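**Q** Before I ask anything, here is the structure I am working with.
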Amino acid sequence: MEKTKRLKSNRWLPLAAALLLATSASAQRIDNLVELKRESDNPLFHHLAPAPRTPAFECEGYWVWGSSVVRGDDGRYHMYVSRFPKSLPFHPGWMVASEIVHAVSDSLMGPYRFSDVALPARGAEYWDGRSTHNPRILRHGGKYYLVYMGSTHPFADPTYEQLTLDSPWCTVGRSNKRVGLAVADSPYGPWRRSDKPILETRPGTFYSYLASNPSPVLQEDGSVLMIFKGRHYTSPTGDYSAMSLGVAYAPSIEGPYTVLNDGKPIFEVNGQGEAEDPFLWKDAEGYHVIFKDHVARFTGEKGGGVMAHSKDGIHWTVDKDAKAYSRTVEWEDGTVALQGQLERPFIYFDEQGRPQCIFFATMDGPGEFENGTRSWNMVIPIR
């Protein structure tokens, strides 16, 4: 989700590759999407069905963003989703005023109805006291585990006009982003939140500035492998880097978490291109991830989805047909349209490990957060 005004443009991409990407991007015509999906060899993109027009979740008076879904003992589907008031601009409103709420549906595809606020604001003195965001729900041993991004700031609530990317709220809120954990015995809570983040920043690393966007996988032995997003400081005055993705391991959900790969990123701007919004899963063949192609490095589409595979979670190979999803969506009513934004993918797998559908946070408008008037969570069935 983050945009950074301080970054210089990347100059590492050779001219020939740039021309290739431009050619590929021109091929992503809206009227060509159905044909592109049909001809794709990508194991996800090829199987995306038309999407229902009805939002999976929308909340009047609020911006809503990424979600995660689990099935409860009650047979119902429980969604954990970010929301923040439309009295603030979308970006960076999520950074200073988001809360994670709980919504419920009898159907996996929704629509989901608001139930309760799972992780509300709890005061500036807490590390996650002013914003909770990027939820990922896990279920293990009769308990529910909510992994999320939290942040805090010491200021009074801003007005719409005060909250800008250069404002103190944004500067402090962004730099305080960390990964946390909440635990409950029921999908309805109450949630016991960690006193400290489960993943802190660390000086001298790619995540010295912030740690965010957690995507954990619960493994057979109860351990956790988690991909996350990091940025690092680039100057003593507070300038910071582009986004990189790293991987951490813990022997149990509660931790402790150790960043692997000698503390280095697994996807970084100078190698794979700037990336964010990872979704990680594991099956008999190994680990798999999809993430947002922030600079159109692999897909020829800024904001399209990339798929990659790994045997160990550290060394990754991009799929031979990299595009996993597109900002252009085929709808059940027969129309095809380009979404203003399409982020935070979450694939729901059934009890046998079969993918059923993919949820996205989406927005209207011609693109860029400041041009949107409405945001919601949508779902695409997987054939």
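Residues in the structure tokens are named by chain (A, B, ... in the order shown) and by number from 1 within that chain; ligands are numbered from 1 in the order shown.
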Any idea what's packed within 12 Å of A:Glu220, counting only C-alpha atoms, ignoring anything in its chain fewer than 2 positions away? Could you give it as a JSON list (two decimals) with C-alpha atoms, in the first residue's frame?

**A**
[["chain", "number", "residue", "atom", "x", "y", "z"],
["A", 140, "HIS", "CA", -4.26, -24.12, 15.82],
["A", 217, "VAL", "CA", 2.37, -20.28, 7.37],
["A", 218, "LEU", "CA", 1.67, -22.74, 10.18],
["A", 222, "GLY", "CA", 3.65, -26.23, 14.86],
["A", 223, "SER", "CA", 6.45, -23.94, 13.72],
["A", 224, "VAL", "CA", 5.82, -20.85, 11.63],
["A", 225, "LEU", "CA", 7.49, -19.46, 8.53],
["A", 251, "PRO", "CA", 9.34, -22.73, 16.63],
["A", 252, "SER", "CA", 5.74, -21.83, 17.57],
["A", 282, "LYS", "CA", 2.88, -24.39, 1.68],
["A", 283, "ASP", "CA", 1.94, -27.72, 0.12],
["A", 284, "ALA", "CA", 3.59, -31.05, -0.72]]

**Q** List as a count of residues only the protein and nucleic acid residues near stretch 169-176 of chain A, meaning an atom at most 10 Å away when only C-alpha atoms are counted, but skip any in the same chain fewer than 3 places from it.

**A** 39

**Q** Of the residues A:Gln339, A:Ser98, A:Ser326, A:Asn261, which is the one nearest to A:Gly365, using only C-alpha atoms?

**A** A:Gln339

**Q** Please, which residues of stretch 45-245 of chain A, numbered as in this document, come out alpha helix (DSSP H) from DSSP, as a list in words?

**A**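 Listing alpha helix (DSSP H) positions across stretch 45-245 of chain A yields Phe90, His91, Pro92, Gly93, Trp94, Met95, Val96, Ala97, Pro168, Trp169, Cys170, Thr171, Val172, Gly173, Arg174 and Ser175 of chain A.
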
**Q** I want to know what sits within 10 Å of A:Val379, based on only C-alpha atoms, with residues of the same chain fewer than 6 positions away left out; could you give that as a ChimeraX atom specification?

**A** /A:50-57,108-111,345-347,357-362

**Q** Tell me, as a PyMOL selection string, which residues lie within 8 Å of A:Ile137, counting only C-alpha atoms; anything in the same chain fewer than 6 positions away does not count.

**A** chain A and resi 68-70+80+144-147

**Q** Env of A:Ala337: 8 Å cut, atoms = only C-alpha atoms, seq-sep filter 4 positions within chain, self excluded. Answer as a ChimeraX atom specification.

**A** /A:30,328-331

**Q** Looking only at the backbone, which of the residues in stretch 120-251 of chain A does DSSP tag as strand (DSSP E), as a PyMOL selection string?

**A** chain A and resi 131-140+143-151+178-184+192-193+210-218+224-231+244-250

**Q** Select, from A:Pro168, A:Gly372, A:Pro355, A:Gly66, the residue with the minimum atom-to-atom distance to A:Leu48, counting only C-alpha atoms.

**A**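 So, comparing all the options, the nearest one is A:Pro355.
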
**Q** Can you list, as a PyMOL selection string, every protein, DNA or RNA residue that comes within 10 Å of stretch 305-321 of chain A when you count only C-alpha atoms, leaving out same-chain residues fewer than 6 positions away?

**A** chain A and resi 40-45+225-227+246-249+260-261+264-267+272+275-282+284-294+296-299+327+342-343+345

**Q** So, with only C-alpha atoms as the atoms that count, which of A:Arg178, A:Lys86, A:Arg71, A:Arg202 lies closest to A:Ala103?

**A**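 Checking each candidate against A:Ala103, we get A:Arg71 as the closest.
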
**Q** From the list A:Ala250, A:Gly75, A:Pro203, A:Trp191, which residue is nearest A:Ser107 when using only C-alpha atoms?

**A** A:Gly75

**Q** Could you please determine the separation between atom CA of A:Thr132 and atom CA of A:Asn377 in Å, to one decimal place?

**A** 17.1 Å
